[in-house]
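Asker: What follows is final_24.csv, made up of CSV, C-alpha atoms:
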chain,number,residue,atom,x,y,z
F,321,MET,CA,119.5,110.6,42.7
F,322,LYS,CA,117.5,112.3,39.9
F,323,LYS,CA,114.3,111.4,41.8
F,324,ALA,CA,115.7,113.0,44.9
F,325,LEU,CA,116.5,116.2,43.0
F,326,LYS,CA,112.9,116.3,41.7
F,327,ALA,CA,111.5,115.8,45.2
F,328,ALA,CA,113.9,118.4,46.7
F,329,PHE,CA,113.6,121.2,44.2
F,330,PRO,CA,110.0,122.4,45.1
F,331,TYR,CA,111.1,122.8,48.7
F,332,THR,CA,113.8,125.2,47.7
F,333,ILE,CA,111.8,127.5,45.5
F,334,PRO,CA,111.0,130.0,48.3
F,335,ILE,CA,114.7,129.9,49.3
F,336,PHE,CA,115.6,130.6,45.6
F,337,ALA,CA,113.6,133.8,45.7
F,338,GLY,CA,114.9,134.8,49.1
F,339,PHE,CA,118.5,134.0,48.4
F,340,TRP,CA,118.5,135.7,45.0
F,341,PHE,CA,117.1,138.9,46.5
F,342,ILE,CA,119.4,139.0,49.5
F,343,GLY,CA,122.3,137.5,47.6
F,344,LEU,CA,122.0,140.0,44.8
F,345,THR,CA,121.7,142.8,47.4
F,346,TYR,CA,124.7,141.4,49.2
F,347,GLY,CA,126.7,141.4,46.0
F,348,ILE,CA,125.6,144.9,45.1
F,349,TYR,CA,126.3,146.0,48.7
F,350,MET,CA,129.9,144.6,48.4
F,351,ASN,CA,130.2,146.5,45.2
F,352,VAL,CA,129.0,149.7,46.8
F,353,LEU,CA,131.6,149.2,49.5
F,354,GLY,CA,134.3,148.9,46.8
F,355,PHE,CA,134.9,145.2,46.7
F,356,SER,CA,135.2,143.3,43.4
F,357,PHE,CA,132.8,140.5,42.6
F,358,TRP,CA,135.4,138.0,43.6
F,359,TYR,CA,134.8,138.9,47.3
F,360,PRO,CA,131.0,138.0,47.3
F,361,PHE,CA,131.8,134.9,45.2
F,362,ILE,CA,134.5,133.5,47.5
F,363,MET,CA,132.8,134.6,50.7
F,364,SER,CA,129.4,133.2,49.7
F,365,LEU,CA,131.0,129.9,48.6
F,366,THR,CA,133.1,129.4,51.6
F,367,ILE,CA,131.3,131.0,54.5
F,368,PHE,CA,127.8,130.4,53.2
F,369,ALA,CA,126.0,132.3,56.0
F,370,GLY,CA,124.1,135.4,55.1
F,371,SER,CA,124.2,137.6,58.2
F,372,LEU,CA,127.9,136.9,58.9
F,373,GLU,CA,128.9,137.8,55.4
F,374,PHE,CA,127.3,141.3,55.7
F,375,VAL,CA,129.1,141.7,59.0
F,376,ALA,CA,132.4,140.4,57.6
F,377,ALA,CA,132.2,143.0,54.8
F,378,ASN,CA,132.0,145.7,57.5
F,379,LEU,CA,134.8,144.1,59.5
F,380,MET,CA,137.1,144.1,56.4
F,381,LEU,CA,136.6,147.9,56.2
F,382,SER,CA,137.8,148.5,59.7
F,383,VAL,CA,141.1,147.8,61.5
F,384,PHE,CA,142.3,144.2,61.3
F,385,ASN,CA,141.5,142.4,64.6
F,386,PRO,CA,141.5,138.6,64.3
F,387,LEU,CA,140.3,138.0,67.8
F,388,GLN,CA,137.3,140.2,67.3
F,389,VAL,CA,136.5,138.6,64.0
F,390,LEU,CA,136.6,135.1,65.6
F,391,LEU,CA,134.5,136.1,68.6
F,392,ILE,CA,131.9,137.9,66.4
F,393,THR,CA,131.8,134.8,64.1
F,394,LEU,CA,131.4,132.4,67.0
F,395,MET,CA,128.7,134.6,68.6
F,396,ILE,CA,126.7,135.1,65.4
F,397,GLN,CA,127.1,131.4,64.4
F,398,ALA,CA,126.7,129.9,67.8
F,399,ARG,CA,123.1,128.9,66.9
F,400,HIS,CA,124.5,126.4,64.4
F,401,LEU,CA,125.7,124.3,67.4
F,402,PHE,CA,122.1,123.6,68.1
F,403,TYR,CA,121.1,122.9,64.6
F,404,GLY,CA,123.9,120.3,64.7
F,405,ILE,CA,122.6,118.8,67.9
F,406,SER,CA,119.1,118.5,66.2
F,407,MET,CA,120.6,116.9,63.2
F,408,LEU,CA,122.8,114.3,64.9
F,409,ASP,CA,120.5,111.5,64.0
F,410,LYS,CA,119.4,112.6,60.6
F,411,TYR,CA,122.9,113.2,59.3
F,412,LYS,CA,124.2,110.0,60.8
F,413,ASN,CA,125.2,107.2,58.3
F,414,LYS,CA,125.2,109.5,55.3
F,415,GLY,CA,128.7,108.5,54.3
F,416,ILE,CA,130.8,111.1,52.5
F,417,LYS,CA,127.8,113.4,51.9
F,418,LYS,CA,127.6,114.0,55.6
F,419,TRP,CA,130.5,116.4,55.6
F,420,TYR,CA,129.0,118.5,52.8
F,421,LEU,CA,125.6,118.5,54.6
F,422,ILE,CA,127.2,119.8,57.8
F,423,PHE,CA,129.3,122.4,55.8
F,424,GLY,CA,126.2,123.7,54.1
F,425,MET,CA,123.9,123.8,57.1
F,426,CYS,CA,122.7,127.4,57.0
F,427,ASP,CA,119.4,128.5,58.7
F,428,GLU,CA,117.3,127.8,55.7
F,429,THR,CA,118.8,124.5,54.7
F,430,PHE,CA,118.5,123.3,58.3
F,431,SER,CA,114.9,124.3,58.4
F,432,ILE,CA,114.0,122.4,55.3
F,433,ASN,CA,116.1,119.4,55.9
F,434,TYR,CA,114.8,119.2,59.5
F,435,THR,CA,111.1,119.5,58.6
F,436,ALA,CA,110.6,118.2,55.1
F,437,ASN,CA,108.6,115.1,54.5
F,438,ILE,CA,110.8,113.0,52.3
F,439,PRO,CA,108.8,110.5,50.2
F,440,LYS,CA,109.4,106.9,51.0
F,441,ASP,CA,110.7,105.9,47.5
F,442,VAL,CA,113.3,108.7,47.5
F,443,ASP,CA,116.8,108.3,48.7
F,444,GLU,CA,117.0,110.4,51.9
F,445,SER,CA,120.7,111.2,51.7
F,446,TRP,CA,120.4,112.5,48.1
F,447,PHE,CA,117.3,114.5,49.1
F,448,LEU,CA,119.2,116.2,51.9
F,449,PHE,CA,122.2,116.7,49.6
F,450,TRP,CA,120.2,118.4,46.9
F,451,VAL,CA,118.4,120.8,49.3
F,452,THR,CA,121.8,121.8,50.6
F,453,ALA,CA,123.4,122.1,47.2
F,454,LEU,CA,120.6,124.0,45.6
F,455,ASN,CA,120.5,126.5,48.4
F,456,HIS,CA,124.2,126.9,48.2
F,457,PHE,CA,124.0,127.4,44.5
F,458,TYR,CA,121.3,130.1,44.8
F,459,TRP,CA,123.2,132.0,47.3
F,460,VAL,CA,126.6,131.9,45.5
F,461,SER,CA,125.0,132.8,42.1
F,462,GLY,CA,122.9,135.6,43.6
F,463,ALA,CA,125.9,137.1,45.5
F,464,THR,CA,128.2,136.8,42.5
F,465,LEU,CA,125.7,138.3,40.0
F,466,GLY,CA,125.1,141.1,42.4
F,467,GLY,CA,128.8,141.7,42.6
F,468,ILE,CA,129.2,141.8,38.8
F,469,LEU,CA,126.0,143.8,38.1
F,470,GLY,CA,126.6,146.2,40.9
F,471,SER,CA,128.8,148.3,38.7
F,472,LEU,CA,126.3,148.3,35.9
F,473,ILE,CA,123.4,149.4,38.0
F,474,GLN,CA,122.3,152.9,37.0
F,475,PHE,CA,120.1,154.0,39.8
F,476,ASN,CA,121.4,155.8,42.9
F,477,THR,CA,122.3,153.1,45.5
F,478,THR,CA,122.8,155.5,48.4
F,479,GLY,CA,121.1,153.9,51.4
F,480,LEU,CA,121.0,150.4,50.0
F,481,ASP,CA,123.2,149.3,52.9
F,482,PHE,CA,120.0,149.7,55.0
F,483,VAL,CA,119.0,146.3,53.8
F,484,MET,CA,121.3,144.8,56.4
F,485,THR,CA,119.6,146.7,59.2
F,486,ALA,CA,116.2,145.8,57.8
F,487,MET,CA,117.2,142.1,57.7
F,488,PHE,CA,118.2,142.1,61.3
F,489,VAL,CA,115.2,144.0,62.4
F,490,VAL,CA,113.0,141.4,60.7
F,491,ILE,CA,115.0,138.5,62.2
F,492,PHE,CA,114.9,140.2,65.6
F,493,LEU,CA,111.1,140.8,65.3
F,494,GLU,CA,110.5,137.2,64.2
F,495,GLN,CA,112.2,136.0,67.4
F,496,TRP,CA,110.4,138.7,69.5
F,497,LEU,CA,107.0,137.6,68.1
F,498,LYS,CA,107.7,134.0,68.9
F,499,GLU,CA,108.7,134.6,72.5
F,500,LYS,CA,106.2,135.1,75.3
F,501,LYS,CA,108.7,136.9,77.5
F,502,HIS,CA,111.4,139.2,76.1
F,503,TRP,CA,114.2,138.9,78.7
F,504,THR,CA,116.9,137.8,76.3
F,505,ALA,CA,116.0,140.3,73.6
F,506,LEU,CA,116.0,143.1,76.1
F,507,ILE,CA,119.3,141.9,77.5
F,508,GLY,CA,120.8,142.0,74.0
F,509,ILE,CA,119.5,145.5,73.2
F,510,CYS,CA,120.3,147.0,76.6
F,511,CYS,CA,123.8,145.6,76.9
F,512,SER,CA,124.6,146.8,73.3
F,513,ILE,CA,123.3,150.3,73.8
F,514,ILE,CA,125.1,150.7,77.2
F,515,CYS,CA,128.3,149.4,75.8
F,516,LEU,CA,128.0,151.5,72.6
F,517,LEU,CA,127.7,154.6,74.8
F,518,LEU,CA,130.6,153.5,77.1
F,519,PHE,CA,133.0,152.2,74.5
F,520,LYS,CA,132.0,154.0,71.3
F,521,ALA,CA,131.2,152.5,67.8
F,522,ASP,CA,134.6,150.9,67.1
F,523,ASN,CA,135.1,149.0,70.3
F,524,PHE,CA,131.8,148.0,71.8
F,525,MET,CA,131.2,144.6,70.3
F,526,ILE,CA,133.4,142.5,72.6
F,527,PRO,CA,132.3,144.2,75.8
F,528,THR,CA,128.7,143.7,74.6
F,529,MET,CA,129.2,140.0,74.0
F,530,ILE,CA,130.8,139.5,77.4
F,531,ALA,CA,128.1,141.5,79.1
F,532,ILE,CA,125.4,139.4,77.3
F,533,LEU,CA,127.0,136.1,78.4
F,534,CYS,CA,127.3,137.4,82.0
F,535,MET,CA,123.7,138.6,82.1
F,536,LEU,CA,122.4,135.3,80.6
F,537,THR,CA,124.5,133.3,83.1
F,538,LEU,CA,123.6,135.5,86.1
F,539,PHE,CA,119.9,135.5,85.4
F,540,ARG,CA,119.7,131.9,84.2
F,541,LYS,CA,117.2,130.8,86.8
F,542,PRO,CA,114.5,133.5,86.2
F,543,ILE,CA,115.1,133.4,82.4
F,544,GLU,CA,114.7,129.6,82.3
F,545,LYS,CA,111.7,129.8,84.5
F,546,GLU,CA,109.9,132.7,82.8
F,547,GLY,CA,111.9,133.1,79.6
F,548,GLY,CA,109.0,131.8,77.5
F,549,PHE,CA,111.2,130.4,74.9
F,550,SER,CA,109.4,129.2,71.8
Y,880,MET,CA,143.3,146.3,55.6
Y,881,THR,CA,145.9,144.6,53.3
Y,882,ILE,CA,144.8,141.7,51.0
Y,883,THR,CA,146.5,139.2,53.4
Y,884,GLN,CA,144.5,140.6,56.3
Y,885,GLN,CA,141.4,140.4,54.2
Y,886,ILE,CA,142.1,136.7,53.3
Y,887,MET,CA,142.8,136.0,57.0
Y,888,THR,CA,139.5,137.7,58.0
Y,889,ILE,CA,137.6,135.6,55.6
Y,890,ALA,CA,139.4,132.4,56.6
Y,891,ILE,CA,138.6,133.1,60.3
Y,892,CYS,CA,135.0,133.5,59.4
Y,893,VAL,CA,135.0,130.2,57.6
Y,894,ILE,CA,136.9,128.4,60.4
Y,895,GLY,CA,134.6,129.9,63.1
Y,896,THR,CA,131.5,129.1,61.1
Y,897,MET,CA,132.6,125.5,60.4
Y,898,ALA,CA,133.6,125.1,64.0
Y,899,THR,CA,130.0,125.9,65.1
Y,900,ARG,CA,128.5,123.6,62.4
Y,901,PHE,CA,130.8,120.6,62.9
Y,902,LEU,CA,131.4,120.7,66.7
Y,903,PRO,CA,128.2,119.0,67.8
Y,904,PHE,CA,128.9,116.1,65.4
Y,905,LEU,CA,132.4,115.7,66.7
Y,906,VAL,CA,131.5,116.1,70.4
Y,907,PHE,CA,128.2,114.3,70.6
Y,908,SER,CA,128.8,111.4,68.3
Y,909,SER,CA,128.1,109.0,71.2
Y,910,GLN,CA,124.9,108.8,73.2
Y,911,LYS,CA,126.1,111.4,75.8
Y,912,PRO,CA,123.3,113.9,76.8
Y,913,THR,CA,123.9,117.6,76.1
Y,914,PRO,CA,124.9,119.6,79.2
Y,915,GLN,CA,122.0,121.7,80.6
Y,916,TYR,CA,123.9,125.0,80.5
Y,917,ILE,CA,124.7,124.6,76.8
Y,918,GLN,CA,121.1,123.8,76.0
Y,919,TYR,CA,120.1,126.9,77.9
Y,920,LEU,CA,122.5,129.2,76.1
Y,921,GLY,CA,121.3,127.8,72.8
Y,922,LYS,CA,117.8,129.0,73.6
Y,923,ALA,CA,118.8,132.3,75.3
Y,924,LEU,CA,121.6,133.6,73.1
Y,925,PRO,CA,120.0,134.0,69.6
Y,926,CYS,CA,117.5,136.7,70.6
Y,927,ALA,CA,120.1,138.7,72.5
Y,928,ILE,CA,122.5,138.4,69.5
Y,929,PHE,CA,119.9,139.6,67.0
Y,930,GLY,CA,119.2,142.6,69.3
Y,931,MET,CA,122.9,143.3,69.4
Y,932,LEU,CA,123.2,143.1,65.6
Y,933,VAL,CA,120.4,145.7,65.2
Y,934,VAL,CA,122.3,148.0,67.4
Y,935,TYR,CA,125.5,147.1,65.6
Y,936,CYS,CA,124.0,148.2,62.3
Y,937,LEU,CA,123.0,151.5,63.7
Y,938,LYS,CA,126.2,152.2,65.6
Y,939,ASN,CA,127.3,155.1,63.3
Y,940,VAL,CA,123.9,156.9,63.4
Y,941,SER,CA,124.3,160.2,65.2
Y,942,LEU,CA,121.4,161.4,67.3
Y,943,PHE,CA,123.0,164.8,67.9
Y,944,ASN,CA,123.6,165.9,64.3
Y,945,ALA,CA,121.2,166.3,61.4
Y,946,PRO,CA,119.2,164.3,60.4
Y,947,TYR,CA,119.2,163.0,64.0
Y,948,GLY,CA,118.6,159.4,63.1
Y,949,ILE,CA,115.1,160.3,61.8
Y,950,PRO,CA,115.4,158.4,58.4
Y,951,GLU,CA,116.6,155.3,60.3
Y,952,ALA,CA,113.8,155.5,62.8
Y,953,ILE,CA,111.1,156.0,60.2
Y,954,SER,CA,112.4,153.1,58.0
Y,955,ILE,CA,112.7,150.7,61.0
Y,956,ILE,CA,109.1,151.6,61.9
Y,957,VAL,CA,108.1,150.8,58.2
Y,958,VAL,CA,109.9,147.4,58.4
Y,959,ILE,CA,108.1,146.6,61.7
Y,960,LEU,CA,104.7,147.6,60.5
Y,961,LEU,CA,105.1,145.8,57.1
Y,962,HIS,CA,106.2,142.7,58.9
Y,963,ILE,CA,103.4,142.7,61.5
Y,964,TRP,CA,100.9,143.3,58.7
Y,965,LYS,CA,102.0,140.8,56.1
Y,966,ARG,CA,104.7,138.7,57.9
Y,967,GLN,CA,106.6,138.4,54.6
Y,968,MET,CA,110.3,138.6,55.3
Y,969,LEU,CA,111.3,139.8,51.8
Y,970,LEU,CA,108.5,142.4,51.6
Y,971,SER,CA,109.5,143.9,54.9
Y,972,ILE,CA,113.1,144.0,54.1
Y,973,ALA,CA,112.5,145.5,50.6
Y,974,GLY,CA,109.9,148.0,51.8
Y,975,GLY,CA,112.1,149.3,54.6
Y,976,THR,CA,115.2,149.6,52.4
Y,977,ILE,CA,113.3,151.4,49.6
Y,978,CYS,CA,111.8,153.7,52.2
Y,979,TYR,CA,115.2,154.5,53.6
Y,980,MET,CA,116.7,155.1,50.1
Y,981,VAL,CA,113.9,157.5,49.2
Y,982,LEU,CA,114.2,159.3,52.5
Y,983,ILE,CA,118.0,160.0,52.3
Y,984,GLN,CA,118.1,160.6,48.6
Y,985,MET,CA,115.1,162.9,48.3
Y,986,ILE,CA,114.1,164.3,51.6
Y,987,PHE,CA,116.9,164.3,54.2
Y,988,LEU,CA,119.6,165.6,51.9
Represent the structure contained in this file as structure tokens.
Answerer:
Amino acid sequence: MKKALKAAFPYTIPIFAGFWFIGLTYGIYMNVLGFSFWYPFIMSLTIFAGSLEFVAANLMLSVFNPLQVLLITLMIQARHLFYGISMLDKYKNKGIKKWYLIFGMCDETFSINYTANIPKDVDESWFLFWVTALNHFYWVSGATLGGILGSLIQFNTTGLDFVMTAMFVVIFLEQWLKEKKHWTALIGICCSIICLLLFKADNFMIPTMIAILCMLTLFRKPIEKEGGFS
Amino acid sequence: MTITQQIMTIAICVIGTMATRFLPFLVFSSQKPTPQYIQYLGKALPCAIFGMLVVYCLKNVSLFNAPYGIPEAISIIVVILLHIWKRQMLLSIAGGTICYMVLIQMIFL
């Protein structure tokens, strides 16, 4: 168990830097929006999914709409279904730890646990557990600290919320650079912009999601043939 | 939003997230192969969704009133250039955010 922690820790160092930066920013962002540090603490602990937590903060500032929240959550998180499918074998027979491993399977944890070369003399289930737990800890501590320190921060934070836009631009760009053809990216952008113009800022998400699903289903043949998925 | 509605919103986020993380393990516990259509959506959806999220972040930017979305446009270009140049996620995010903060705090007042 101790050995597994020693083996797992180095893999999580980059995540520590990333999660503290984005977690702190998320906590400060919540603070700027007027939420106490309990919100980032509880949300980072229970949801444990960066991009959704930023979106959820915005959703909590608009009119209560449970169906929209659920649909947005499922749409943003749908990719986890496929992490799960990739991990079916690896997380099998991990006993009670399995449930925590699945609970904590964010993008970064999945990436490490899927790719890491675990030394032969290290207990695999403990290794996977420590990667998950360390990442979870970085994220919660970063977000909570940001929420607490947010009120102490002296400099002018106007515009800090742009960090969310920047994060999605980077994620989008990463996907874009990986793909040979950009059908799906363009479908996402075009459907969103058209629906935004038609339905206005407060009501365009659900029509956009339906439009994207329709387009992807309608053009499945050419996309599958020429999509150039990575 | 009331505190109860906030708690419900967070709970729905947790339930929705956990549904997506746990479902494959509950459905494909046996040796059944994954349906083709689901496999396809898994590959096709993410990029469309990230495109949607970029637009979602910018939904309140007005192109017809000052400053006409110029600070956003400049900062996004900075993010893209930084990212193509160094391919360092944190650097690109930090650089673009600082650029945006400087622009709206000092230039586009």
Asker: Which residues of chain Y sit at most 9 Å from stretch 347-371 of chain F, using all atoms listed in the file? Give each one's shortest atom pair and distance in Å (one decimal place), in chain and ascending residue order, as a tab-separated table.
Answerer:
residue	atom	partner	partner_atom	distance
Y:Ile889	CA	F:Met363	CA	6.9
Y:Ala890	CA	F:Ile367	CA	8.5
Y:Cys892	CA	F:Ile367	CA	6.6
Y:Val893	CA	F:Ile367	CA	4.9
Y:Ile894	CA	F:Ile367	CA	8.5
Y:Thr896	CA	F:Ile367	CA	6.9
Y:Met897	CA	F:Ile367	CA	8.2
Asker: Restrict the calculation to only C-alpha atoms, then for each residue of chain Y with any atom at most 8 Å from an atom of chain F give the closest atom pair and their distance in Å to one decimal, rows by chain and rising residue number, as JSON lines.
Answerer:
{"residue": "Y:Met880", "atom": "CA", "partner": "F:Phe384", "partner_atom": "CA", "distance": 6.2}
{"residue": "Y:Gln884", "atom": "CA", "partner": "F:Phe384", "partner_atom": "CA", "distance": 6.5}
{"residue": "Y:Gln885", "atom": "CA", "partner": "F:Met380", "partner_atom": "CA", "distance": 6.1}
{"residue": "Y:Met887", "atom": "CA", "partner": "F:Pro386", "partner_atom": "CA", "distance": 7.9}
{"residue": "Y:Thr888", "atom": "CA", "partner": "F:Pro386", "partner_atom": "CA", "distance": 6.7}
{"residue": "Y:Ile889", "atom": "CA", "partner": "F:Met363", "partner_atom": "CA", "distance": 6.9}
{"residue": "Y:Ile891", "atom": "CA", "partner": "F:Leu390", "partner_atom": "CA", "distance": 6.0}
{"residue": "Y:Cys892", "atom": "CA", "partner": "F:Thr393", "partner_atom": "CA", "distance": 5.8}
{"residue": "Y:Val893", "atom": "CA", "partner": "F:Ile367", "partner_atom": "CA", "distance": 4.9}
{"residue": "Y:Gly895", "atom": "CA", "partner": "F:Leu394", "partner_atom": "CA", "distance": 5.6}
{"residue": "Y:Thr896", "atom": "CA", "partner": "F:Gln397", "partner_atom": "CA", "distance": 6.0}
{"residue": "Y:Met897", "atom": "CA", "partner": "F:Phe423", "partner_atom": "CA", "distance": 6.5}
{"residue": "Y:Thr899", "atom": "CA", "partner": "F:Leu401", "partner_atom": "CA", "distance": 5.1}
{"residue": "Y:Arg900", "atom": "CA", "partner": "F:His400", "partner_atom": "CA", "distance": 5.3}
{"residue": "Y:Phe901", "atom": "CA", "partner": "F:Ile422", "partner_atom": "CA", "distance": 6.3}
{"residue": "Y:Leu902", "atom": "CA", "partner": "F:Leu401", "partner_atom": "CA", "distance": 6.8}
{"residue": "Y:Pro903", "atom": "CA", "partner": "F:Gly404", "partner_atom": "CA", "distance": 5.5}
{"residue": "Y:Phe904", "atom": "CA", "partner": "F:Leu408", "partner_atom": "CA", "distance": 6.4}
{"residue": "Y:Phe907", "atom": "CA", "partner": "F:Ile405", "partner_atom": "CA", "distance": 7.7}
{"residue": "Y:Ser908", "atom": "CA", "partner": "F:Leu408", "partner_atom": "CA", "distance": 7.5}
{"residue": "Y:Gln918", "atom": "CA", "partner": "F:Phe402", "partner_atom": "CA", "distance": 8.0}
{"residue": "Y:Tyr919", "atom": "CA", "partner": "F:Glu544", "partner_atom": "CA", "distance": 7.5}
{"residue": "Y:Leu920", "atom": "CA", "partner": "F:Leu536", "partner_atom": "CA", "distance": 7.6}
{"residue": "Y:Gly921", "atom": "CA", "partner": "F:Arg399", "partner_atom": "CA", "distance": 6.3}
{"residue": "Y:Lys922", "atom": "CA", "partner": "F:Phe549", "partner_atom": "CA", "distance": 6.9}
{"residue": "Y:Ala923", "atom": "CA", "partner": "F:Thr504", "partner_atom": "CA", "distance": 5.9}
{"residue": "Y:Leu924", "atom": "CA", "partner": "F:Thr504", "partner_atom": "CA", "distance": 7.1}
{"residue": "Y:Pro925", "atom": "CA", "partner": "F:Arg399", "partner_atom": "CA", "distance": 6.6}
{"residue": "Y:Cys926", "atom": "CA", "partner": "F:Ala505", "partner_atom": "CA", "distance": 4.9}
{"residue": "Y:Ala927", "atom": "CA", "partner": "F:Gly508", "partner_atom": "CA", "distance": 3.7}
{"residue": "Y:Ile928", "atom": "CA", "partner": "F:Gly508", "partner_atom": "CA", "distance": 6.0}
{"residue": "Y:Phe929", "atom": "CA", "partner": "F:Phe492", "partner_atom": "CA", "distance": 5.2}
{"residue": "Y:Gly930", "atom": "CA", "partner": "F:Ile509", "partner_atom": "CA", "distance": 4.9}
{"residue": "Y:Met931", "atom": "CA", "partner": "F:Gly508", "partner_atom": "CA", "distance": 5.2}
{"residue": "Y:Leu932", "atom": "CA", "partner": "F:Phe488", "partner_atom": "CA", "distance": 6.7}
{"residue": "Y:Val933", "atom": "CA", "partner": "F:Phe488", "partner_atom": "CA", "distance": 5.7}
{"residue": "Y:Val934", "atom": "CA", "partner": "F:Ser512", "partner_atom": "CA", "distance": 6.4}
{"residue": "Y:Tyr935", "atom": "CA", "partner": "F:Ser512", "partner_atom": "CA", "distance": 7.8}
{"residue": "Y:Cys936", "atom": "CA", "partner": "F:Thr485", "partner_atom": "CA", "distance": 5.6}
{"residue": "Y:Leu937", "atom": "CA", "partner": "F:Thr485", "partner_atom": "CA", "distance": 7.4}
{"residue": "Y:Lys938", "atom": "CA", "partner": "F:Ala521", "partner_atom": "CA", "distance": 5.5}
{"residue": "Y:Asn939", "atom": "CA", "partner": "F:Ala521", "partner_atom": "CA", "distance": 6.5}
{"residue": "Y:Ile955", "atom": "CA", "partner": "F:Ala486", "partner_atom": "CA", "distance": 6.8}
{"residue": "Y:Val958", "atom": "CA", "partner": "F:Ala486", "partner_atom": "CA", "distance": 6.5}
{"residue": "Y:Ile959", "atom": "CA", "partner": "F:Val490", "partner_atom": "CA", "distance": 7.2}
{"residue": "Y:His962", "atom": "CA", "partner": "F:Val490", "partner_atom": "CA", "distance": 7.2}
{"residue": "Y:Met968", "atom": "CA", "partner": "F:Val490", "partner_atom": "CA", "distance": 6.7}
{"residue": "Y:Leu969", "atom": "CA", "partner": "F:Gly338", "partner_atom": "CA", "distance": 6.7}
{"residue": "Y:Ser971", "atom": "CA", "partner": "F:Val490", "partner_atom": "CA", "distance": 7.2}
{"residue": "Y:Ile972", "atom": "CA", "partner": "F:Ala486", "partner_atom": "CA", "distance": 5.2}
{"residue": "Y:Ala973", "atom": "CA", "partner": "F:Val483", "partner_atom": "CA", "distance": 7.3}
{"residue": "Y:Gly975", "atom": "CA", "partner": "F:Ala486", "partner_atom": "CA", "distance": 6.3}
{"residue": "Y:Thr976", "atom": "CA", "partner": "F:Val483", "partner_atom": "CA", "distance": 5.2}
{"residue": "Y:Ile977", "atom": "CA", "partner": "F:Leu480", "partner_atom": "CA", "distance": 7.8}
{"residue": "Y:Tyr979", "atom": "CA", "partner": "F:Gly479", "partner_atom": "CA", "distance": 6.3}
{"residue": "Y:Met980", "atom": "CA", "partner": "F:Gly479", "partner_atom": "CA", "distance": 4.7}
{"residue": "Y:Ile983", "atom": "CA", "partner": "F:Gly479", "partner_atom": "CA", "distance": 6.9}
{"residue": "Y:Gln984", "atom": "CA", "partner": "F:Thr478", "partner_atom": "CA", "distance": 6.9}
Asker: Mind pulling up the distance from atom CA of Y:Gln967 to atom CA of F:Glu428?
Answerer: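 Pair atom CA of F:Glu428 / atom CA of Y:Gln967 returns 15.1 Å.
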Asker: Give me, as a ChimeraX atom specification, all polymer residues having an atom no more than 12 Å from F:Lys322, counting all atoms listed in the file and skipping those fewer than 6 positions away in the same chain.
Answerer: /F:328-329,442-443,446-447,449-450
Asker: Can you measure atom CA of F:Trp459 to atom CA of F:Glu444 for me? One decimal in Å is fine.
Answerer: 22.9 Å
Asker: What is the distance, in Å and to one decimal place, between atom CA of Y:Tyr947 and atom CA of F:Ala531?
Answerer: 27.7 Å
Asker: Just checking: using all atoms listed in the file, which residue out of F:Ala463, F:Ile335, F:Met535, F:Met321 ends up closest to F:Ile432?
Answerer: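 Nearest to F:Ile432: F:Ile335.
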